[in-house]
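Coordinates from structure-v2.txt are shown below (compact mmCIF, N, CA and C atoms).
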```
# COMPACT_ATOMS: atom_id res chain seq x y z
N MET A 1 104.47 69.90 108.25
CA MET A 1 104.56 68.47 108.45
C MET A 1 105.48 67.89 107.37
N LYS A 2 106.42 67.06 107.80
CA LYS A 2 107.33 66.42 106.87
C LYS A 2 106.69 65.17 106.29
N GLU A 3 107.25 64.70 105.18
CA GLU A 3 106.74 63.50 104.53
C GLU A 3 106.76 62.30 105.48
N SER A 4 107.82 62.17 106.26
CA SER A 4 107.92 61.04 107.20
C SER A 4 106.82 61.09 108.25
N GLU A 5 106.45 62.28 108.70
CA GLU A 5 105.38 62.42 109.68
C GLU A 5 104.02 62.08 109.07
N LEU A 6 103.78 62.54 107.85
CA LEU A 6 102.54 62.19 107.15
C LEU A 6 102.43 60.68 107.00
N THR A 7 103.52 60.05 106.56
CA THR A 7 103.55 58.60 106.38
C THR A 7 103.25 57.89 107.70
N HIS A 8 103.94 58.29 108.75
CA HIS A 8 103.77 57.64 110.06
C HIS A 8 102.33 57.79 110.56
N ARG A 9 101.78 58.98 110.48
CA ARG A 9 100.41 59.20 110.95
C ARG A 9 99.40 58.39 110.15
N PHE A 10 99.58 58.35 108.82
CA PHE A 10 98.65 57.61 107.96
C PHE A 10 98.69 56.11 108.29
N ILE A 11 99.88 55.53 108.34
CA ILE A 11 100.01 54.08 108.59
C ILE A 11 99.55 53.73 110.00
N THR A 12 99.86 54.58 110.98
CA THR A 12 99.40 54.33 112.36
C THR A 12 97.88 54.31 112.43
N GLU A 13 97.24 55.27 111.79
CA GLU A 13 95.77 55.33 111.79
C GLU A 13 95.19 54.15 111.01
N LEU A 14 95.81 53.79 109.91
CA LEU A 14 95.33 52.65 109.11
C LEU A 14 95.41 51.36 109.92
N LYS A 15 96.51 51.15 110.65
CA LYS A 15 96.66 49.95 111.49
C LYS A 15 95.62 49.91 112.61
N LYS A 16 95.27 51.07 113.16
CA LYS A 16 94.23 51.12 114.20
C LYS A 16 92.90 50.63 113.65
N GLN A 17 92.59 51.05 112.43
CA GLN A 17 91.28 50.75 111.86
C GLN A 17 91.24 49.38 111.18
N ILE A 18 92.38 48.92 110.65
CA ILE A 18 92.44 47.61 109.99
C ILE A 18 93.68 46.88 110.50
N PRO A 19 93.58 46.25 111.66
CA PRO A 19 94.77 45.63 112.25
C PRO A 19 95.27 44.40 111.49
N ARG A 20 94.47 43.86 110.57
CA ARG A 20 94.86 42.62 109.88
C ARG A 20 95.65 42.86 108.59
N ILE A 21 96.09 44.08 108.33
CA ILE A 21 96.86 44.33 107.11
C ILE A 21 98.32 43.90 107.30
N TRP A 22 98.95 43.56 106.19
CA TRP A 22 100.40 43.36 106.16
C TRP A 22 100.99 44.57 105.45
N TYR A 23 102.13 45.04 105.93
CA TYR A 23 102.76 46.18 105.26
C TYR A 23 104.27 46.14 105.46
N ALA A 24 104.96 46.81 104.57
CA ALA A 24 106.41 46.97 104.69
C ALA A 24 106.78 48.37 104.25
N LYS A 25 107.64 49.00 105.02
CA LYS A 25 108.17 50.33 104.68
C LYS A 25 109.40 50.12 103.82
N ILE A 26 109.46 50.81 102.70
CA ILE A 26 110.62 50.73 101.81
C ILE A 26 111.52 51.92 102.14
N HIS A 27 112.75 51.62 102.54
CA HIS A 27 113.66 52.66 103.01
C HIS A 27 114.58 53.23 101.93
N GLY A 28 114.67 52.61 100.78
CA GLY A 28 115.50 53.16 99.71
C GLY A 28 116.98 52.88 99.88
N ASP A 29 117.33 51.65 100.11
CA ASP A 29 118.72 51.23 100.21
C ASP A 29 119.40 51.35 98.83
N PRO A 30 120.68 51.72 98.79
CA PRO A 30 121.37 51.86 97.50
C PRO A 30 121.39 50.59 96.65
N ARG A 31 121.28 49.43 97.30
CA ARG A 31 121.30 48.16 96.56
C ARG A 31 119.92 47.77 96.04
N GLN A 32 118.91 48.52 96.42
CA GLN A 32 117.53 48.22 96.05
C GLN A 32 117.16 48.93 94.74
N ARG A 33 116.22 48.35 94.02
CA ARG A 33 115.73 49.00 92.80
C ARG A 33 115.10 50.33 93.18
N ARG A 34 115.39 51.37 92.42
CA ARG A 34 114.91 52.72 92.72
C ARG A 34 113.49 52.92 92.22
N GLY A 35 112.75 53.82 92.88
CA GLY A 35 111.41 54.19 92.42
C GLY A 35 110.27 53.43 93.06
N ILE A 36 110.59 52.45 93.90
CA ILE A 36 109.53 51.66 94.55
C ILE A 36 108.80 52.55 95.55
N PRO A 37 107.45 52.50 95.59
CA PRO A 37 106.69 53.36 96.51
C PRO A 37 107.09 53.15 97.98
N ASP A 38 106.75 54.14 98.82
CA ASP A 38 107.16 54.16 100.22
C ASP A 38 106.65 52.97 101.04
N PHE A 39 105.41 52.57 100.82
CA PHE A 39 104.82 51.47 101.58
C PHE A 39 104.19 50.46 100.64
N LEU A 40 104.43 49.19 100.93
CA LEU A 40 103.78 48.08 100.23
C LEU A 40 102.84 47.43 101.24
N ILE A 41 101.60 47.25 100.85
CA ILE A 41 100.56 46.77 101.77
C ILE A 41 99.80 45.64 101.11
N CYS A 42 99.36 44.68 101.91
CA CYS A 42 98.46 43.64 101.42
C CYS A 42 97.19 43.72 102.27
N ILE A 43 96.06 43.94 101.58
CA ILE A 43 94.76 44.03 102.25
C ILE A 43 93.84 43.01 101.60
N ASN A 44 93.44 42.01 102.37
CA ASN A 44 92.57 40.94 101.86
C ASN A 44 93.10 40.34 100.57
N GLY A 45 94.40 40.13 100.49
CA GLY A 45 95.00 39.51 99.32
C GLY A 45 95.28 40.45 98.16
N LYS A 46 94.99 41.72 98.30
CA LYS A 46 95.20 42.69 97.23
C LYS A 46 96.45 43.51 97.53
N PHE A 47 97.31 43.66 96.52
CA PHE A 47 98.54 44.42 96.66
C PHE A 47 98.26 45.91 96.48
N VAL A 48 98.69 46.71 97.46
CA VAL A 48 98.50 48.16 97.42
C VAL A 48 99.86 48.82 97.69
N ALA A 49 100.24 49.75 96.83
CA ALA A 49 101.48 50.50 97.02
C ALA A 49 101.12 51.96 97.25
N LEU A 50 101.70 52.55 98.28
CA LEU A 50 101.43 53.95 98.61
C LEU A 50 102.72 54.76 98.56
N GLU A 51 102.65 55.86 97.84
CA GLU A 51 103.75 56.83 97.79
C GLU A 51 103.25 58.09 98.49
N PHE A 52 104.02 58.61 99.43
CA PHE A 52 103.64 59.81 100.18
C PHE A 52 104.50 60.98 99.73
N LYS A 53 103.88 62.14 99.57
CA LYS A 53 104.57 63.34 99.12
C LYS A 53 104.04 64.58 99.85
N ILE A 54 104.88 65.59 99.93
CA ILE A 54 104.46 66.92 100.37
C ILE A 54 104.44 67.80 99.13
N PHE A 55 103.31 68.43 98.86
CA PHE A 55 103.10 69.26 97.68
C PHE A 55 103.46 70.70 98.06
N ARG A 56 104.61 71.16 97.60
CA ARG A 56 105.03 72.53 97.89
C ARG A 56 104.82 73.42 96.67
N TYR A 57 105.58 73.18 95.65
CA TYR A 57 105.52 74.01 94.45
C TYR A 57 105.08 73.20 93.24
N GLY A 58 104.65 72.01 93.48
CA GLY A 58 104.24 71.06 92.45
C GLY A 58 104.47 69.67 92.99
N LEU A 59 103.71 68.73 92.49
CA LEU A 59 103.84 67.35 92.94
C LEU A 59 104.97 66.70 92.16
N HIS A 60 106.03 66.32 92.85
CA HIS A 60 107.21 65.79 92.20
C HIS A 60 107.30 64.28 92.35
N ILE A 61 106.83 63.58 91.34
CA ILE A 61 107.02 62.14 91.24
C ILE A 61 108.13 61.95 90.22
N THR A 62 109.16 61.23 90.59
CA THR A 62 110.26 61.04 89.65
C THR A 62 109.83 60.10 88.53
N PRO A 63 110.51 60.16 87.39
CA PRO A 63 110.19 59.22 86.31
C PRO A 63 110.29 57.76 86.75
N LEU A 64 111.27 57.44 87.61
CA LEU A 64 111.38 56.07 88.12
C LEU A 64 110.19 55.70 89.00
N GLN A 65 109.74 56.62 89.84
CA GLN A 65 108.56 56.36 90.67
C GLN A 65 107.33 56.14 89.79
N GLN A 66 107.15 56.99 88.78
CA GLN A 66 106.01 56.85 87.89
C GLN A 66 106.07 55.52 87.13
N HIS A 67 107.27 55.13 86.73
CA HIS A 67 107.46 53.86 86.03
C HIS A 67 107.03 52.69 86.92
N GLU A 68 107.45 52.71 88.19
CA GLU A 68 107.08 51.63 89.12
C GLU A 68 105.57 51.63 89.38
N ILE A 69 104.98 52.80 89.55
CA ILE A 69 103.54 52.90 89.75
C ILE A 69 102.80 52.33 88.55
N ASP A 70 103.25 52.67 87.35
CA ASP A 70 102.62 52.15 86.12
C ASP A 70 102.72 50.63 86.06
N LYS A 71 103.88 50.07 86.44
CA LYS A 71 104.06 48.62 86.42
C LYS A 71 103.13 47.93 87.43
N ILE A 72 102.95 48.53 88.59
CA ILE A 72 102.05 47.97 89.60
C ILE A 72 100.62 47.97 89.07
N LEU A 73 100.19 49.08 88.49
CA LEU A 73 98.84 49.17 87.95
C LEU A 73 98.62 48.17 86.82
N LYS A 74 99.58 48.02 85.94
CA LYS A 74 99.46 47.08 84.82
C LYS A 74 99.40 45.63 85.28
N SER A 75 99.98 45.35 86.44
CA SER A 75 99.98 43.97 86.94
C SER A 75 98.75 43.66 87.81
N GLY A 76 97.83 44.63 87.92
CA GLY A 76 96.60 44.40 88.67
C GLY A 76 96.62 44.88 90.11
N GLY A 77 97.72 45.49 90.52
CA GLY A 77 97.79 46.04 91.87
C GLY A 77 97.19 47.44 91.92
N ILE A 78 97.19 48.00 93.10
CA ILE A 78 96.70 49.36 93.31
C ILE A 78 97.91 50.21 93.73
N ALA A 79 98.06 51.36 93.12
CA ALA A 79 99.15 52.27 93.48
C ALA A 79 98.59 53.67 93.58
N LEU A 80 98.82 54.31 94.71
CA LEU A 80 98.29 55.65 94.96
C LEU A 80 99.38 56.57 95.47
N VAL A 81 99.26 57.84 95.11
CA VAL A 81 100.10 58.88 95.69
C VAL A 81 99.21 59.66 96.64
N ILE A 82 99.61 59.69 97.90
CA ILE A 82 98.90 60.44 98.93
C ILE A 82 99.79 61.63 99.26
N PHE A 83 99.22 62.83 99.16
CA PHE A 83 100.06 64.00 99.38
C PHE A 83 99.36 65.03 100.25
N ARG A 84 100.20 65.84 100.90
CA ARG A 84 99.71 66.94 101.72
C ARG A 84 100.11 68.23 101.04
N ARG A 85 99.11 69.09 100.81
CA ARG A 85 99.40 70.40 100.21
C ARG A 85 99.92 71.32 101.30
N GLU A 86 101.07 71.87 101.09
CA GLU A 86 101.70 72.75 102.06
C GLU A 86 100.88 74.02 102.30
N LYS A 87 100.29 74.59 101.25
CA LYS A 87 99.63 75.90 101.37
C LYS A 87 98.39 75.86 102.26
N ASP A 88 97.63 74.76 102.25
CA ASP A 88 96.40 74.73 103.06
C ASP A 88 96.30 73.53 104.00
N GLY A 89 97.30 72.64 103.97
CA GLY A 89 97.31 71.50 104.88
C GLY A 89 96.39 70.35 104.49
N LYS A 90 95.71 70.47 103.36
CA LYS A 90 94.80 69.40 102.93
C LYS A 90 95.61 68.16 102.54
N ILE A 91 95.06 66.99 102.85
CA ILE A 91 95.66 65.72 102.47
C ILE A 91 94.80 65.14 101.37
N CYS A 92 95.44 64.72 100.28
CA CYS A 92 94.70 64.39 99.07
C CYS A 92 95.15 63.07 98.45
N PHE A 93 94.22 62.42 97.77
CA PHE A 93 94.49 61.33 96.85
C PHE A 93 93.26 61.13 95.99
N LEU A 94 93.46 60.67 94.76
CA LEU A 94 92.37 60.41 93.82
C LEU A 94 91.39 61.58 93.72
N ASP A 95 91.89 62.77 93.59
CA ASP A 95 91.05 63.98 93.45
C ASP A 95 90.15 64.24 94.65
N ARG A 96 90.48 63.68 95.79
CA ARG A 96 89.71 63.94 97.01
C ARG A 96 90.59 64.72 97.98
N GLU A 97 89.95 65.58 98.79
CA GLU A 97 90.68 66.39 99.76
C GLU A 97 90.14 66.12 101.16
N TYR A 98 91.04 66.06 102.13
CA TYR A 98 90.67 65.80 103.51
C TYR A 98 91.37 66.81 104.43
N ASP A 99 90.71 67.14 105.53
CA ASP A 99 91.27 68.10 106.47
C ASP A 99 92.27 67.49 107.45
N SER A 100 92.22 66.18 107.63
CA SER A 100 93.11 65.53 108.60
C SER A 100 93.54 64.16 108.07
N VAL A 101 94.57 63.63 108.69
CA VAL A 101 95.04 62.29 108.32
C VAL A 101 93.96 61.27 108.61
N LYS A 102 93.28 61.40 109.74
CA LYS A 102 92.21 60.45 110.08
C LYS A 102 91.12 60.45 109.01
N GLU A 103 90.70 61.63 108.57
CA GLU A 103 89.68 61.71 107.52
C GLU A 103 90.19 61.08 106.23
N CYS A 104 91.46 61.26 105.92
CA CYS A 104 92.05 60.68 104.72
C CYS A 104 92.05 59.15 104.82
N VAL A 105 92.43 58.63 105.97
CA VAL A 105 92.41 57.17 106.16
C VAL A 105 90.98 56.65 106.06
N ASP A 106 90.04 57.36 106.66
CA ASP A 106 88.63 56.96 106.52
C ASP A 106 88.23 56.92 105.05
N GLY A 107 88.62 57.93 104.29
CA GLY A 107 88.32 57.96 102.86
C GLY A 107 89.01 56.83 102.11
N PHE A 108 90.23 56.51 102.50
CA PHE A 108 90.96 55.40 101.90
C PHE A 108 90.24 54.09 102.18
N ILE A 109 89.81 53.90 103.41
CA ILE A 109 89.11 52.66 103.78
C ILE A 109 87.80 52.54 103.01
N TRP A 110 87.01 53.59 103.01
CA TRP A 110 85.71 53.51 102.35
C TRP A 110 85.83 53.58 100.83
N GLY A 111 86.86 54.22 100.31
CA GLY A 111 87.00 54.34 98.87
C GLY A 111 87.77 53.20 98.22
N ILE A 112 88.71 52.61 98.95
CA ILE A 112 89.57 51.58 98.38
C ILE A 112 89.37 50.24 99.07
N VAL A 113 89.52 50.21 100.39
CA VAL A 113 89.48 48.94 101.12
C VAL A 113 88.13 48.25 100.98
N ARG A 114 87.04 48.99 101.08
CA ARG A 114 85.72 48.35 100.96
C ARG A 114 85.52 47.75 99.58
N GLN A 115 86.07 48.40 98.54
CA GLN A 115 85.99 47.83 97.19
C GLN A 115 86.81 46.55 97.09
N ILE A 116 87.97 46.52 97.76
CA ILE A 116 88.77 45.31 97.78
C ILE A 116 87.99 44.18 98.46
N GLU A 117 87.40 44.49 99.62
CA GLU A 117 86.66 43.48 100.37
C GLU A 117 85.47 42.92 99.57
N LYS A 118 84.86 43.76 98.75
CA LYS A 118 83.74 43.32 97.93
C LYS A 118 84.20 42.64 96.65
N GLY A 119 85.51 42.62 96.38
CA GLY A 119 86.03 42.03 95.16
C GLY A 119 85.88 42.90 93.94
N GLU A 120 85.64 44.19 94.15
CA GLU A 120 85.46 45.12 93.04
C GLU A 120 86.79 45.67 92.51
N LEU A 121 87.84 45.50 93.26
CA LEU A 121 89.17 45.94 92.81
C LEU A 121 90.11 44.74 92.77
```
The structure given in the file should be rewritten as structure tokens.
Amino acid sequence: MKESELTHRFITELKKQIPRIWYAKIHGDPRQRRGIPDFLICINGKFVALEFKIFRYGLHITPLQQHEIDKILKSGGIALVIFRREKDGKICFLDREYDSVKECVDGFIWGIVRQIEKGEL
């Protein structure tokens, strides 16, 4: 599975389960600031940035990506790297592993979105 397919499946499933989210895909135009995560999302007024990766021989977040993630976190937003391990197909974030994109989205909703809705994040 390519990174673009993982991204598409995750966002499609997320929209099915939470149709009221706002999101924008960042395409990486040369005139744009580099390192911005792949998707910017607003859920119940909370800013969430998602970076998608395929883990082959190590998780490669560029220094610019890490810098942008750090800035988002420092400003009170949420920034996550969601990745698929090539060797076993597991989809992971925040030290959690899932067998499918749907399970990962369910984990994202129950682990992140519900905390946002309760005002805990």
Contact residues around A:Arg96 with only C-alpha atoms at 12 Å, ignoring same-chain residues under 6 positions, as a VMD selection string | chain A and resid 81 to 84 90 103 to 108 111
Helix (DSSP H, G or I) positions in stretch 5-80 of chain A, given as an mmCIF file with N, CA and C atoms, keeping the file's coordinate frame:
```cif
data_model
loop_
_atom_site.group_PDB
_atom_site.id
_atom_site.type_symbol
_atom_site.label_atom_id
_atom_site.label_comp_id
_atom_site.auth_asym_id
_atom_site.auth_seq_id
_atom_site.Cartn_x
_atom_site.Cartn_y
_atom_site.Cartn_z
ATOM 1 N N GLU A 5 106.450 62.280 108.700
ATOM 2 C CA GLU A 5 105.380 62.420 109.680
ATOM 3 C C GLU A 5 104.020 62.080 109.070
ATOM 4 N N LEU A 6 103.780 62.540 107.850
ATOM 5 C CA LEU A 6 102.540 62.190 107.150
ATOM 6 C C LEU A 6 102.430 60.680 107.000
ATOM 7 N N THR A 7 103.520 60.050 106.560
ATOM 8 C CA THR A 7 103.550 58.600 106.380
ATOM 9 C C THR A 7 103.250 57.890 107.700
ATOM 10 N N HIS A 8 103.940 58.290 108.750
ATOM 11 C CA HIS A 8 103.770 57.640 110.060
ATOM 12 C C HIS A 8 102.330 57.790 110.560
ATOM 13 N N ARG A 9 101.780 58.980 110.480
ATOM 14 C CA ARG A 9 100.410 59.200 110.950
ATOM 15 C C ARG A 9 99.400 58.390 110.150
ATOM 16 N N PHE A 10 99.580 58.350 108.820
ATOM 17 C CA PHE A 10 98.650 57.610 107.960
ATOM 18 C C PHE A 10 98.690 56.110 108.290
ATOM 19 N N ILE A 11 99.880 55.530 108.340
ATOM 20 C CA ILE A 11 100.010 54.080 108.590
ATOM 21 C C ILE A 11 99.550 53.730 110.000
ATOM 22 N N THR A 12 99.860 54.580 110.980
ATOM 23 C CA THR A 12 99.400 54.330 112.360
ATOM 24 C C THR A 12 97.880 54.310 112.430
ATOM 25 N N GLU A 13 97.240 55.270 111.790
ATOM 26 C CA GLU A 13 95.770 55.330 111.790
ATOM 27 C C GLU A 13 95.190 54.150 111.010
ATOM 28 N N LEU A 14 95.810 53.790 109.910
ATOM 29 C CA LEU A 14 95.330 52.650 109.110
ATOM 30 C C LEU A 14 95.410 51.360 109.920
ATOM 31 N N LYS A 15 96.510 51.150 110.650
ATOM 32 C CA LYS A 15 96.660 49.950 111.490
ATOM 33 C C LYS A 15 95.620 49.910 112.610
ATOM 34 N N LYS A 16 95.270 51.070 113.160
ATOM 35 C CA LYS A 16 94.230 51.120 114.200
ATOM 36 C C LYS A 16 92.900 50.630 113.650
ATOM 37 N N GLN A 17 92.590 51.050 112.430
ATOM 38 C CA GLN A 17 91.280 50.750 111.860
ATOM 39 C C GLN A 17 91.240 49.380 111.180
ATOM 40 N N PRO A 63 110.510 60.160 87.390
ATOM 41 C CA PRO A 63 110.190 59.220 86.310
ATOM 42 C C PRO A 63 110.290 57.760 86.750
ATOM 43 N N LEU A 64 111.270 57.440 87.610
ATOM 44 C CA LEU A 64 111.380 56.070 88.120
ATOM 45 C C LEU A 64 110.190 55.700 89.000
ATOM 46 N N GLN A 65 109.740 56.620 89.840
ATOM 47 C CA GLN A 65 108.560 56.360 90.670
ATOM 48 C C GLN A 65 107.330 56.140 89.790
ATOM 49 N N GLN A 66 107.150 56.990 88.780
ATOM 50 C CA GLN A 66 106.010 56.850 87.890
ATOM 51 C C GLN A 66 106.070 55.520 87.130
ATOM 52 N N HIS A 67 107.270 55.130 86.730
ATOM 53 C CA HIS A 67 107.460 53.860 86.030
ATOM 54 C C HIS A 67 107.030 52.690 86.920
ATOM 55 N N GLU A 68 107.450 52.710 88.190
ATOM 56 C CA GLU A 68 107.080 51.630 89.120
ATOM 57 C C GLU A 68 105.570 51.630 89.380
ATOM 58 N N ILE A 69 104.980 52.800 89.550
ATOM 59 C CA ILE A 69 103.540 52.900 89.750
ATOM 60 C C ILE A 69 102.800 52.330 88.550
ATOM 61 N N ASP A 70 103.250 52.670 87.350
ATOM 62 C CA ASP A 70 102.620 52.150 86.120
ATOM 63 C C ASP A 70 102.720 50.630 86.060
ATOM 64 N N LYS A 71 103.880 50.070 86.440
ATOM 65 C CA LYS A 71 104.060 48.620 86.420
ATOM 66 C C LYS A 71 103.130 47.930 87.430
ATOM 67 N N ILE A 72 102.950 48.530 88.590
ATOM 68 C CA ILE A 72 102.050 47.970 89.600
ATOM 69 C C ILE A 72 100.620 47.970 89.070
ATOM 70 N N LEU A 73 100.190 49.080 88.490
ATOM 71 C CA LEU A 73 98.840 49.170 87.950
ATOM 72 C C LEU A 73 98.620 48.170 86.820
ATOM 73 N N LYS A 74 99.580 48.020 85.940
ATOM 74 C CA LYS A 74 99.460 47.080 84.820
ATOM 75 C C LYS A 74 99.400 45.630 85.280
#
```
Among the residues A:Thr62, A:Ile43, A:Phe52, A:Lys87, the one that comes closest to A:Arg20 [using only C-alpha atoms] =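 Counting only C-alpha atoms, the residue closest to A:Arg20 is A:Ile43.
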Please run DSSP on the backbone and report, as an MDAnalysis selection string, all residues within chain A that come out as strand (DSSP E or B).
-> chainID A and resid 22:25 39:43 46:55 78:85 91:93 96:98
In terms of the shortest atom-to-atom distance over only C-alpha atoms, which of A:Val101, A:Leu80, A:Gly45, A:Arg56 is closest to A:Thr7?
->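 The shortest atom-to-atom distance to A:Thr7 comes from A:Val101.
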Suppose you want the space between atom C of A:Asn44 and atom CA of A:Ile61; what is it in Å?
->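 Calculated distance between atom C of A:Asn44 and atom CA of A:Ile61 is 27.5 Å.
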Dig up all the protein and nucleic acid residues within 12 Å of (103.9, 60.3, 100.8) in the file frame, using only C-alpha atoms, and format them as an MDAnalysis selection string.
-> chainID A and resid 1:11 25:26 37:39 49:55 59:61 65 79:85 91:93 101
Closest of A:Lys102, A:His27, A:Arg34, A:Lys15 to A:Glu68 - atom-to-atom distances counting all atoms listed in the file |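 Using all atoms listed in the file, the shortest distance to A:Glu68 belongs to A:Arg34.
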Rounded to one decimal in Å, what is the spacing between atom CA of A:Phe47 and atom CA of A:Arg33?
->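 Computing it gives 18.2 Å between the two atoms.
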What separation in Å, quoted to one decimal, exists between atom CA of A:Lys46 and atom N of A:Ile78?
->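 About the pair atom CA of A:Lys46 and atom N of A:Ile78: they are 7.0 Å apart.
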